[in-house]
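Visitor: So here's upload-v2.pdb (PDB, C-alpha atoms and all ligand atoms).
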```pdb
ATOM      1  CA  MET A   1      66.329 -32.424  69.447
ATOM      2  CA  ASN A   2      64.687 -33.357  72.706
ATOM      3  CA  ILE A   3      62.222 -36.168  71.861
ATOM      4  CA  SER A   4      61.328 -38.844  74.388
ATOM      5  CA  ILE A   5      60.387 -42.494  73.871
ATOM      6  CA  ARG A   6      57.198 -41.763  75.781
ATOM      7  CA  GLN A   7      56.177 -39.187  73.142
ATOM      8  CA  LEU A   8      56.836 -41.721  70.368
ATOM      9  CA  GLN A   9      54.734 -44.310  72.220
ATOM     10  CA  ILE A  10      51.909 -41.746  72.504
ATOM     11  CA  ILE A  11      52.015 -41.170  68.714
ATOM     12  CA  ASP A  12      51.632 -44.928  68.147
ATOM     13  CA  ALA A  13      48.739 -45.152  70.599
ATOM     14  CA  ILE A  14      46.893 -42.191  68.993
ATOM     15  CA  VAL A  15      47.396 -43.615  65.490
ATOM     16  CA  GLU A  16      45.856 -46.887  66.643
ATOM     17  CA  THR A  17      42.955 -45.416  68.620
ATOM     18  CA  HIS A  18      42.344 -42.090  66.725
ATOM     19  CA  SER A  19      41.657 -40.515  70.123
ATOM     20  CA  TYR A  20      43.653 -38.718  72.823
ATOM     21  CA  SER A  21      41.541 -40.138  75.607
ATOM     22  CA  LEU A  22      41.737 -43.773  74.388
ATOM     23  CA  ALA A  23      45.491 -43.396  73.835
ATOM     24  CA  ALA A  24      45.791 -42.031  77.387
ATOM     25  CA  ARG A  25      43.845 -44.991  78.785
ATOM     26  CA  ARG A  26      46.030 -47.444  76.873
ATOM     27  CA  LEU A  27      49.220 -45.872  78.255
ATOM     28  CA  HIS A  28      47.852 -45.416  81.796
ATOM     29  CA  MET A  29      48.125 -41.626  81.501
ATOM     30  CA  THR A  30      45.603 -38.799  81.784
ATOM     31  CA  GLN A  31      44.192 -37.204  78.650
ATOM     32  CA  PRO A  32      45.645 -33.701  79.485
ATOM     33  CA  ALA A  33      49.096 -35.326  79.934
ATOM     34  CA  VAL A  34      48.831 -36.913  76.484
ATOM     35  CA  SER A  35      47.724 -33.620  74.893
ATOM     36  CA  MET A  36      50.535 -31.760  76.623
ATOM     37  CA  GLN A  37      53.179 -34.257  75.472
ATOM     38  CA  MET A  38      51.957 -33.895  71.868
ATOM     39  CA  LYS A  39      51.975 -30.108  72.115
ATOM     40  CA  GLN A  40      55.554 -30.202  73.396
ATOM     41  CA  LEU A  41      56.573 -32.521  70.576
ATOM     42  CA  GLU A  42      54.964 -30.258  67.952
ATOM     43  CA  ASN A  43      56.867 -27.309  69.456
ATOM     44  CA  VAL A  44      60.194 -29.139  69.406
ATOM     45  CA  THR A  45      59.761 -30.435  65.846
ATOM     46  CA  ASP A  46      57.971 -27.275  64.674
ATOM     47  CA  LEU A  47      55.572 -29.534  62.744
ATOM     48  CA  PRO A  48      51.863 -30.348  63.195
ATOM     49  CA  ILE A  49      51.646 -34.109  63.782
ATOM     50  CA  PHE A  50      47.922 -34.694  64.336
ATOM     51  CA  GLU A  51      44.750 -32.982  63.132
ATOM     52  CA  ARG A  52      41.092 -33.503  63.957
ATOM     53  CA  HIS A  53      38.788 -35.033  61.301
ATOM     54  CA  GLY A  54      35.395 -34.726  62.993
ATOM     55  CA  LYS A  55      35.663 -36.992  66.053
ATOM     56  CA  ARG A  56      38.800 -38.784  64.855
ATOM     57  CA  ILE A  57      42.387 -37.704  65.436
ATOM     58  CA  MET A  58      44.440 -38.341  62.271
ATOM     59  CA  LEU A  59      48.082 -37.897  61.231
ATOM     60  CA  THR A  60      48.842 -34.763  59.211
ATOM     61  CA  SER A  61      50.874 -35.283  56.036
ATOM     62  CA  ALA A  62      54.038 -34.352  58.016
ATOM     63  CA  GLY A  63      52.908 -36.831  60.712
ATOM     64  CA  GLN A  64      52.531 -39.560  58.080
ATOM     65  CA  LYS A  65      56.093 -38.926  56.892
ATOM     66  CA  ILE A  66      57.617 -39.404  60.361
ATOM     67  CA  TYR A  67      55.324 -42.234  61.435
ATOM     68  CA  LYS A  68      57.329 -45.105  59.906
ATOM     69  CA  TYR A  69      60.403 -43.993  61.918
ATOM     70  CA  VAL A  70      58.346 -43.546  65.070
ATOM     71  CA  HIS A  71      56.799 -46.990  64.756
ATOM     72  CA  GLY A  72      60.199 -48.595  63.980
ATOM     73  CA  ILE A  73      61.735 -47.050  67.099
ATOM     74  CA  ASN A  74      58.808 -48.237  69.246
ATOM     75  CA  VAL A  75      59.147 -51.801  67.920
ATOM     76  CA  GLN A  76      62.883 -51.790  68.625
ATOM     77  CA  PHE A  77      62.348 -50.335  72.075
ATOM     78  CA  ALA A  78      59.845 -53.082  72.878
ATOM     79  CA  ASP A  79      62.458 -55.639  71.695
ATOM     80  CA  LEU A  80      65.011 -53.987  73.962
ATOM     81  CA  GLU A  81      62.631 -54.284  76.924
ATOM     82  CA  ASP A  82      62.095 -57.990  76.159
ATOM     83  CA  ALA A  83      65.849 -58.540  75.861
ATOM     84  CA  LEU A  84      66.452 -56.841  79.208
ATOM     85  CA  ILE A  85      63.884 -59.088  80.867
ATOM     86  CA  GLU A  86      65.536 -62.164  79.296
ATOM     87  CA  ILE A  87      68.997 -61.064  80.392
ATOM     88  CA  LYS A  88      67.730 -60.482  83.926
ATOM     89  CA  LYS A  89      66.167 -63.932  83.950
ATOM     90  CA  GLY A  90      69.609 -65.361  83.233
ATOM     91  CA  ALA A  91      69.665 -65.959  79.499
ATOM     92  CA  GLY A  92      72.601 -64.727  77.481
ATOM     93  CA  ARG A  93      76.021 -65.538  76.166
ATOM     94  CA  ILE A  94      79.069 -66.160  78.317
ATOM     95  CA  LYS A  95      82.639 -65.715  77.099
ATOM     96  CA  VAL A  96      84.921 -68.182  78.866
ATOM     97  CA  SER A  97      88.628 -68.668  78.237
ATOM     98  CA  ALA A  98      90.611 -71.492  79.790
ATOM     99  CA  ALA A  99      94.174 -72.770  79.857
ATOM    100  CA  THR A 100      94.879 -75.635  77.456
ATOM    101  CA  THR A 101      95.605 -77.783  80.480
ATOM    102  CA  ALA A 102      92.165 -77.043  81.950
ATOM    103  CA  ASN A 103      90.430 -78.194  78.758
ATOM    104  CA  HIS A 104      88.960 -81.394  80.208
ATOM    105  CA  LEU A 105      87.975 -79.717  83.479
ATOM    106  CA  ILE A 106      86.150 -76.800  81.865
ATOM    107  CA  THR A 107      84.494 -78.880  79.140
ATOM    108  CA  GLN A 108      83.004 -81.239  81.718
ATOM    109  CA  MET A 109      81.729 -78.348  83.800
ATOM    110  CA  ILE A 110      80.228 -76.536  80.802
ATOM    111  CA  ALA A 111      78.455 -79.739  79.733
ATOM    112  CA  ASN A 112      76.907 -80.077  83.202
ATOM    113  CA  PHE A 113      75.966 -76.395  83.304
ATOM    114  CA  ARG A 114      74.294 -76.506  79.869
ATOM    115  CA  ARG A 115      72.187 -79.471  80.933
ATOM    116  CA  LYS A 116      70.559 -77.180  83.515
ATOM    117  CA  HIS A 117      70.648 -73.868  81.623
ATOM    118  CA  ASN A 118      70.079 -74.513  77.940
ATOM    119  CA  ASN A 119      69.002 -70.894  77.355
ATOM    120  CA  ILE A 120      72.583 -69.727  78.007
ATOM    121  CA  SER A 121      75.135 -70.120  75.251
ATOM    122  CA  ILE A 122      78.839 -70.304  76.020
ATOM    123  CA  ALA A 123      81.733 -69.284  73.782
ATOM    124  CA  LEU A 124      84.816 -71.191  74.959
ATOM    125  CA  ASP A 125      88.375 -70.366  73.976
ATOM    126  CA  ILE A 126      91.131 -72.797  74.953
ATOM    127  CA  THR A 127      94.606 -71.338  74.829
ATOM    128  CA  ASN A 128      97.870 -71.110  76.764
ATOM    129  CA  ARG A 129      98.702 -68.934  79.742
ATOM    130  CA  LYS A 130     100.425 -66.207  77.749
ATOM    131  CA  GLN A 131      97.392 -65.712  75.490
ATOM    132  CA  LEU A 132      95.038 -65.750  78.484
ATOM    133  CA  ILE A 133      96.968 -62.904  80.106
ATOM    134  CA  ASP A 134      96.736 -61.009  76.810
ATOM    135  CA  GLN A 135      92.971 -61.532  76.668
ATOM    136  CA  LEU A 136      92.553 -60.419  80.285
ATOM    137  CA  GLN A 137      94.534 -57.292  79.513
ATOM    138  CA  LYS A 138      92.027 -56.468  76.753
ATOM    139  CA  PHE A 139      88.990 -57.263  78.971
ATOM    140  CA  GLU A 140      87.859 -59.881  76.428
ATOM    141  CA  PRO A 141      86.595 -62.890  78.437
ATOM    142  CA  ASP A 142      83.976 -62.715  81.179
ATOM    143  CA  ILE A 143      85.622 -65.550  83.072
ATOM    144  CA  VAL A 144      89.046 -67.197  82.832
ATOM    145  CA  ILE A 145      90.092 -70.559  84.250
ATOM    146  CA  MET A 146      93.850 -70.764  84.573
ATOM    147  CA  GLY A 147      96.792 -71.560  86.849
ATOM    148  CA  GLU A 148      98.294 -68.964  89.154
ATOM    149  CA  PRO A 149      96.821 -65.521  88.301
ATOM    150  CA  PRO A 150      99.124 -62.853  86.850
ATOM    151  CA  THR A 151     100.025 -60.267  89.486
ATOM    152  CA  ARG A 152     100.216 -57.116  87.398
ATOM    153  CA  LEU A 153      96.526 -56.910  86.423
ATOM    154  CA  ASP A 154      93.669 -55.790  88.637
ATOM    155  CA  LEU A 155      91.832 -59.086  89.006
ATOM    156  CA  GLU A 156      89.274 -60.812  91.171
ATOM    157  CA  SER A 157      90.488 -64.341  91.549
ATOM    158  CA  SER A 158      89.776 -67.335  93.728
ATOM    159  CA  ILE A 159      91.218 -70.809  93.979
ATOM    160  CA  LEU A 160      88.980 -73.435  92.425
ATOM    161  CA  ILE A 161      90.760 -76.712  93.157
ATOM    162  CA  PRO A 162      94.320 -78.095  93.313
ATOM    163  CA  ASN A 163      96.013 -78.763  89.970
ATOM    164  CA  PRO A 164      98.666 -81.378  90.833
ATOM    165  CA  LEU A 165     101.557 -81.835  88.389
ATOM    166  CA  VAL A 166     102.796 -85.418  88.126
ATOM    167  CA  VAL A 167     105.709 -87.148  86.406
ATOM    168  CA  ILE A 168     104.460 -89.577  83.777
ATOM    169  CA  ALA A 169     106.206 -92.408  81.977
ATOM    170  CA  HIS A 170     105.609 -95.258  79.581
ATOM    171  CA  PRO A 171     104.284 -98.300  81.574
ATOM    172  CA  GLU A 172     107.485-100.249  80.878
ATOM    173  CA  HIS A 173     109.852 -97.500  81.898
ATOM    174  CA  PRO A 174     112.600 -98.783  84.283
ATOM    175  CA  LEU A 175     111.545 -96.281  86.987
ATOM    176  CA  VAL A 176     107.946 -97.487  87.172
ATOM    177  CA  LYS A 177     108.514 -99.992  89.983
ATOM    178  CA  GLN A 178     110.681 -97.694  92.138
ATOM    179  CA  LYS A 179     109.361 -95.950  95.244
ATOM    180  CA  GLU A 180     110.146 -92.385  96.303
ATOM    181  CA  ILE A 181     112.517 -91.707  93.462
ATOM    182  CA  PRO A 182     114.770 -88.709  94.245
ATOM    183  CA  PHE A 183     114.062 -85.882  91.827
ATOM    184  CA  ALA A 184     117.790 -85.672  90.987
ATOM    185  CA  ASP A 185     117.475 -89.179  89.442
ATOM    186  CA  ILE A 186     114.488 -88.116  87.357
ATOM    187  CA  ALA A 187     116.328 -85.011  86.181
ATOM    188  CA  GLN A 188     118.874 -87.242  84.392
ATOM    189  CA  TYR A 189     116.209 -88.252  81.887
ATOM    190  CA  GLU A 190     114.995 -86.352  78.909
ATOM    191  CA  PHE A 191     111.617 -84.666  79.014
ATOM    192  CA  VAL A 192     108.881 -83.874  76.554
ATOM    193  CA  VAL A 193     107.505 -80.468  77.540
ATOM    194  CA  ARG A 194     104.998 -77.797  76.630
ATOM    195  CA  GLU A 195     105.897 -74.663  74.651
ATOM    196  CA  HIS A 196     107.215 -71.421  76.165
ATOM    197  CA  GLY A 197     104.198 -69.419  77.322
ATOM    198  CA  SER A 198     102.623 -72.447  78.990
ATOM    199  CA  GLY A 199     102.023 -72.109  82.733
ATOM    200  CA  THR A 200     102.847 -75.780  83.284
ATOM    201  CA  ARG A 201     106.173 -75.290  81.504
ATOM    202  CA  ALA A 202     106.992 -72.230  83.621
ATOM    203  CA  ARG A 203     106.295 -74.171  86.841
ATOM    204  CA  ILE A 204     108.475 -77.097  85.734
ATOM    205  CA  GLU A 205     111.370 -74.782  84.908
ATOM    206  CA  SER A 206     111.074 -72.952  88.213
ATOM    207  CA  PHE A 207     111.041 -76.274  90.081
ATOM    208  CA  PHE A 208     114.265 -77.412  88.356
ATOM    209  CA  LYS A 209     115.790 -74.065  89.328
ATOM    210  CA  GLU A 210     114.669 -74.427  92.967
ATOM    211  CA  GLN A 211     116.323 -77.866  92.984
ATOM    212  CA  GLN A 212     119.406 -76.382  91.287
ATOM    213  CA  LEU A 213     119.188 -78.957  88.538
ATOM    214  CA  GLU A 214     119.551 -78.518  84.821
ATOM    215  CA  PHE A 215     116.413 -78.993  82.763
ATOM    216  CA  LYS A 216     116.882 -81.094  79.618
ATOM    217  CA  SER A 217     114.074 -81.265  77.125
ATOM    218  CA  THR A 218     114.216 -83.432  74.042
ATOM    219  CA  MET A 219     111.072 -82.131  72.542
ATOM    220  CA  GLU A 220     108.771 -79.192  72.923
ATOM    221  CA  MET A 221     105.092 -79.587  72.082
ATOM    222  CA  GLY A 222     102.163 -77.209  71.876
ATOM    223  CA  SER A 223      99.562 -79.413  73.529
ATOM    224  CA  ASN A 224      99.098 -81.907  76.341
ATOM    225  CA  GLU A 225      97.724 -84.381  73.790
ATOM    226  CA  ALA A 226     101.024 -84.286  71.875
ATOM    227  CA  ILE A 227     102.995 -84.777  75.102
ATOM    228  CA  LYS A 228     100.927 -87.802  76.058
ATOM    229  CA  HIS A 229     101.472 -89.389  72.650
ATOM    230  CA  ALA A 230     105.196 -88.789  72.920
ATOM    231  CA  VAL A 231     105.441 -90.309  76.420
ATOM    232  CA  ILE A 232     103.312 -93.291  75.368
ATOM    233  CA  ALA A 233     105.776 -93.730  72.486
ATOM    234  CA  ASP A 234     108.601 -93.673  75.098
ATOM    235  CA  LEU A 235     110.217 -90.533  73.711
ATOM    236  CA  GLY A 236     110.852 -89.186  77.206
ATOM    237  CA  LEU A 237     109.252 -88.469  80.556
ATOM    238  CA  GLY A 238     106.565 -85.858  80.961
ATOM    239  CA  ILE A 239     105.429 -83.545  83.761
ATOM    240  CA  VAL A 240     101.781 -82.748  83.266
ATOM    241  CA  SER A 241      98.665 -81.815  85.160
ATOM    242  CA  LEU A 242      96.876 -84.845  86.561
ATOM    243  CA  HIS A 243      93.719 -83.413  84.990
ATOM    244  CA  THR A 244      94.989 -84.136  81.484
ATOM    245  CA  ILE A 245      95.640 -87.884  81.758
ATOM    246  CA  LYS A 246      92.567 -89.569  83.192
ATOM    247  CA  LEU A 247      91.760 -91.740  80.168
ATOM    248  CA  GLU A 248      95.387 -92.843  79.659
ATOM    249  CA  LEU A 249      95.752 -93.808  83.337
ATOM    250  CA  GLU A 250      92.518 -95.787  83.252
ATOM    251  CA  ALA A 251      93.654 -97.558  80.069
ATOM    252  CA  ASN A 252      97.142 -98.215  81.573
ATOM    253  CA  LYS A 253      98.841 -96.432  78.719
ATOM    254  CA  LEU A 254     100.668 -94.073  81.068
ATOM    255  CA  VAL A 255     101.952 -94.442  84.622
ATOM    256  CA  ILE A 256     102.522 -91.827  87.327
ATOM    257  CA  LEU A 257     106.015 -92.172  88.807
ATOM    258  CA  ASP A 258     106.479 -92.035  92.584
ATOM    259  CA  VAL A 259     108.868 -89.074  92.762
ATOM    260  CA  GLU A 260     109.941 -87.145  95.874
ATOM    261  CA  ASN A 261     108.322 -83.692  96.187
ATOM    262  CA  PHE A 262     105.619 -84.722  93.715
ATOM    263  CA  PRO A 263     102.896 -84.001  92.867
ATOM    264  CA  LEU A 264     103.983 -80.409  92.447
ATOM    265  CA  GLU A 265     101.351 -78.188  93.951
ATOM    266  CA  ARG A 266      99.524 -75.785  91.660
ATOM    267  CA  HIS A 267      95.943 -74.545  91.661
ATOM    268  CA  TRP A 268      93.222 -73.760  89.178
ATOM    269  CA  HIS A 269      91.813 -70.302  89.614
ATOM    270  CA  ILE A 270      88.625 -68.672  88.452
ATOM    271  CA  ILE A 271      89.418 -65.126  87.417
ATOM    272  CA  LYS A 272      87.795 -61.948  86.096
ATOM    273  CA  ARG A 273      88.876 -58.342  85.643
ATOM    274  CA  ARG A 274      87.793 -56.457  88.746
ATOM    275  CA  GLU A 275      86.133 -53.675  86.732
ATOM    276  CA  LYS A 276      84.165 -56.040  84.522
ATOM    277  CA  HIS A 277      80.453 -56.163  85.348
ATOM    278  CA  LEU A 278      79.056 -59.655  85.122
ATOM    279  CA  LEU A 279      75.573 -60.302  83.784
ATOM    280  CA  PRO A 280      73.342 -62.559  85.908
ATOM    281  CA  ALA A 281      74.014 -65.460  83.501
ATOM    282  CA  VAL A 282      77.769 -65.153  84.056
ATOM    283  CA  LYS A 283      77.294 -64.896  87.811
ATOM    284  CA  SER A 284      75.269 -68.082  87.907
ATOM    285  CA  PHE A 285      77.926 -69.809  85.755
ATOM    286  CA  GLN A 286      80.645 -68.613  88.148
ATOM    287  CA  LYS A 287      78.746 -69.975  91.146
ATOM    288  CA  PHE A 288      78.118 -73.284  89.398
ATOM    289  CA  ILE A 289      81.806 -73.720  88.468
ATOM    290  CA  ILE A 290      82.981 -73.091  92.029
ATOM    291  CA  LYS A 291      80.686 -75.858  93.299
ATOM    292  CA  GLU A 292      81.181 -78.301  90.444
ATOM    293  CA  ALA A 293      85.006 -78.106  90.445
ATOM    294  CA  LYS A 294      85.120 -79.718  93.906
ATOM    295  CA  ILE A 295      83.252 -82.772  92.607
ATOM    296  CA  TYR A 296      85.648 -82.925  89.654
ATOM    297  CA  ALA A 297      88.734 -82.798  91.917
ATOM    298  CA  LYS A 298      87.384 -85.588  94.120
ATOM    299  CA  ASP A 299      87.184 -87.905  91.134
ATOM    300  CA  TYR A 300      90.977 -87.600  90.707
ATOM    301  CA  GLU A 301      92.032 -88.327  94.275
ATOM    302  CA  ARG A 302      92.199 -92.092  93.604
ATOM    303  CA  PHE A 303      95.068 -91.620  91.112
ATOM    304  CA  LEU A 304      97.297 -90.087  93.790
ATOM    305  CA  VAL A 305      96.828 -92.770  96.445
ATOM    306  CA  LYS A 306     100.202 -94.482  96.915
TER     307      LYS A 306
HETATM  308  P1  LIG B 401      98.962 -74.092  80.438
HETATM  309  O1  LIG B 401      98.019 -73.845  81.687
HETATM  310  O2  LIG B 401     100.156 -74.883  80.859
HETATM  311  O3  LIG B 401      98.059 -74.882  79.522
HETATM  312  O4  LIG B 401      99.377 -72.725  79.902
HETATM  313  C1  LIG B 401      98.359 -73.696  82.970
HETATM  314  C2  LIG B 401      98.357 -72.255  83.541
HETATM  315  O5  LIG B 401      97.510 -71.409  83.214
HETATM  316  O6  LIG B 401      99.197 -72.006  84.378
END
```
For this file, write the structure as structure tokens.
Guide:
Amino acid sequence: MNISIRQLQIIDAIVETHSYSLAARRLHMTQPAVSMQMKQLENVTDLPIFERHGKRIMLTSAGQKIYKYVHGINVQFADLEDALIEIKKGAGRIKVSAATTANHLITQMIANFRRKHNNISIALDITNRKQLIDQLQKFEPDIVIMGEPPTRLDLESSILIPNPLVVIAHPEHPLVKQKEIPFADIAQYEFVVREHGSGTRARIESFFKEQQLEFKSTMEMGSNEAIKHAVIADLGLGIVSLHTIKLELEANKLVILDVENFPLERHWHIIKRREKHLLPAVKSFQKFIIKEAKIYAKDYERFLVK
């Protein structure tokens, strides 16, 4: 049945004003246009909707029966118009997913963003690289912050900042005082590493392979927190993103070893599915992140000065 929102709005205006001409004025239309729209609607529905009681235009009994639906639709349509205006102004909800290793980075940036845009809510999911690729495949997140982007998906991706991987040890480890330690020496030790599916883990394994060295891990752990605890407890060496150990370095609970070829170079990327349309709120978040990440990276430079 071909009924337009405009016709439903006209019904509401006539019910409130009891007059075609006042309804027309209210809707910025001409009176013949209003009458014609009502005639068309009565033809389509095959029902009389209004009748004249002296000078007043009133709903017929059929008109009264449909009016509650008509009014409900008009209220919802007005809500929709308000929501569209809000969305255009930048309010809304952003779905962000980030690699476990980027947890500190993204949390800091979200906190700074929310201070300026408290009308935008953010749903954040922190998970490993394998899960992020899964989510991207299903078009779930608006924005993803992760290591190197997967090649087999159609993505828009740009480098945010470097994500240096460093070798960490307990402060009393015998290697702490040594300079430019050959990686072959480090490879003799046992390592505490992330689970399979972690991007950091994959990079460590590929580096061992490039160096033609065997990779020995004593323990596998599902989070950077767990790795830090294990290294602090002297259970092995760790290779982690510099962005996961700020507090421990400042508190002298962990030390970065001076190893040849380190830090290993990786990068954080900001990624979205190419086909995904971003709402203005997401676009402004994206822009903010790209700017803010540079400030974040600068704060870490001091830890790499030899
Ligand atoms: P992850 O993150 O090691 O926490 O999986 C890094 C990446 O996405 O490569």
Visitor: What's the 6 Å shell around Arg93 in chain A, counting only C-alpha atoms, without same-chain residues fewer than 3 positions away, as a PyMOL selection string?
Guide: chain A and resi 120-122
Visitor: Please expand the PyMOL selection byres (((not hetatm)) within 7 of (chain B and resi 401)) into the concrete residues it hits in this file, giving the result as JSON, numbers by chain.
Guide: {"A": [99, 100, 101, 102, 127, 128, 129, 130, 146, 147, 148, 197, 198, 199, 200, 201]}
Visitor: Once you have the residues from the selection above, write them out as a compact mmCIF listing (two decimals), keeping the file's coordinate frame, restricted to C-alpha atoms.
Guide:
```txt
# COMPACT_ATOMS: atom_id res chain seq x y z
CA ALA A 99 94.17 -72.77 79.86
CA THR A 100 94.88 -75.64 77.46
CA THR A 101 95.60 -77.78 80.48
CA ALA A 102 92.16 -77.04 81.95
CA THR A 127 94.61 -71.34 74.83
CA ASN A 128 97.87 -71.11 76.76
CA ARG A 129 98.70 -68.93 79.74
CA LYS A 130 100.42 -66.21 77.75
CA MET A 146 93.85 -70.76 84.57
CA GLY A 147 96.79 -71.56 86.85
CA GLU A 148 98.29 -68.96 89.15
CA GLY A 197 104.20 -69.42 77.32
CA SER A 198 102.62 -72.45 78.99
CA GLY A 199 102.02 -72.11 82.73
CA THR A 200 102.85 -75.78 83.28
CA ARG A 201 106.17 -75.29 81.50
```
Visitor: Point out the residue among A:Ile239, A:Met58, A:Ile289, A:Ile133 with the least atom-to-atom distance to Ala111 in chain A, counting only C-alpha atoms.
Guide: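 Checking each of A:Ile239, A:Met58, A:Ile289, A:Ile133 against Ala111 in chain A, counting only C-alpha atoms, the winner is A:Ile289.
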Visitor: Within 12 Å of Phe207 in chain A, counting only C-alpha atoms, which residues show up once you throw out same-chain ones fewer than 3 positions away? Write them as a list in words, please.
Guide: Leu165, Phe183, Ala184, Ala187, Thr200, Arg201, Ala202, Arg203, Ile204, Glu210, Gln211, Gln212, Leu213, Glu214, Phe215, Ile239, Asn261, Phe262, Pro263, Leu264, Glu265 and Arg266 of chain A
Visitor: Between CA of Ile145 in chain A and CA of Val166 in chain A, measure the distance and give it in Å to one decimal.
Guide: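 One can read the CA of Ile145 in chain A to CA of Val166 in chain A distance as 19.9 Å.
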Visitor: On this file, the PyMOL selection byres (((chain A and resi 114) around 12) and not hetatm) gives some set of residues; write that set as a ChimeraX atom specification.
Guide: /A:91,93-94,107-113,115-122,281,284-285,288-289
Visitor: For Pro280 in chain A, which residue among A:Ile49, A:Val44, A:Arg26, A:Asp142 is the nearest when counting only C-alpha atoms?
Guide: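 Using only C-alpha atoms, the shortest distance to Pro280 in chain A belongs to A:Asp142.
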Visitor: So which one's closest to Lys283 in chain A, A:Lys95, A:Met221, A:Lys246, A:Ile232? Using only C-alpha atoms, please.
Guide: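 Among the listed residues, the smallest separation from Lys283 in chain A belongs to A:Lys95.
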Visitor: Let me have the centre and edge lengths of the axis-aligned box enclosing all listed atoms of range 251-256 of chain A with 6 Å padding on every side, in Å to one decimal, as AutoDock Vina command-line options.
Guide:
```
--center_x 98.1 --center_y -95.0 --center_z 83.0 --size_x 20.9 --size_y 18.4 --size_z 20.6
```
Visitor: Check what the PyMOL selection byres (((chain A and resi 70) around 12) and not hetatm) selects in the file above and give those residues as number ranges by chain.
Guide: A: 3-13, 15, 49, 63-69, 71-77
Visitor: Take CA of Ser35 in chain A and CA of Arg52 in chain A and report the distance between them in Å, one decimal.
Guide: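 We find that CA of Ser35 in chain A and CA of Arg52 in chain A lie 12.8 Å from each other.
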Visitor: Arg194 in chain A: which residues within 9 Å, counting all atoms listed in the file, same-chain residues fewer than 6 positions away excluded, as a list in words?
Guide: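 So, after excluding close chain neighbours, the residues are Thr200, Arg201, Met219, Glu220, Met221, Gly222, Ser223, Asn224, Ala226, Ile227 and Val240 of chain A.
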Visitor: Please compute the CA of Leu257 in chain A-CA of Ile168 in chain A distance, one decimal, in Å.
Guide: 5.9 Å
Visitor: Which polymer residues have any atom within 8 Å of an atom of range 30-33 of chain A, counting all atoms listed in the file, with same-chain residues fewer than 6 positions away left out, as a PyMOL selection string?
Guide: chain A and resi 20-21+23-24
Visitor: Grab the residues selected above and save them as an mmCIF file, keeping the file's coordinate frame with C-alpha atoms.
Guide:
```
data_model
loop_
_atom_site.group_PDB
_atom_site.id
_atom_site.type_symbol
_atom_site.label_atom_id
_atom_site.label_comp_id
_atom_site.auth_asym_id
_atom_site.auth_seq_id
_atom_site.Cartn_x
_atom_site.Cartn_y
_atom_site.Cartn_z
ATOM 1 C CA TYR A 20 43.653 -38.718 72.823
ATOM 2 C CA SER A 21 41.541 -40.138 75.607
ATOM 3 C CA ALA A 23 45.491 -43.396 73.835
ATOM 4 C CA ALA A 24 45.791 -42.031 77.387
#
```
Visitor: Which residues are near Ile159 in chain A? Cut-off 8 Å, only C-alpha atoms, ignore same chain within fewer than 3 positions. Put them as a list in words.
Guide: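 The residues that qualify are Pro162, His267, Trp268, His269 and Ile270 of chain A.
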Visitor: Would you export the selected residues with C-alpha atoms as a short mmCIF file (atom, residue, chain, number, x, y, z; two decimals), in the frame of the given file, please?
Guide:
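The resulting file, result_6.cif, is shown below:
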```cif
data_model
loop_
_atom_site.label_atom_id
_atom_site.label_comp_id
_atom_site.auth_asym_id
_atom_site.auth_seq_id
_atom_site.Cartn_x
_atom_site.Cartn_y
_atom_site.Cartn_z
CA PRO A 162 94.32 -78.10 93.31
CA HIS A 267 95.94 -74.54 91.66
CA TRP A 268 93.22 -73.76 89.18
CA HIS A 269 91.81 -70.30 89.61
CA ILE A 270 88.62 -68.67 88.45
#
```
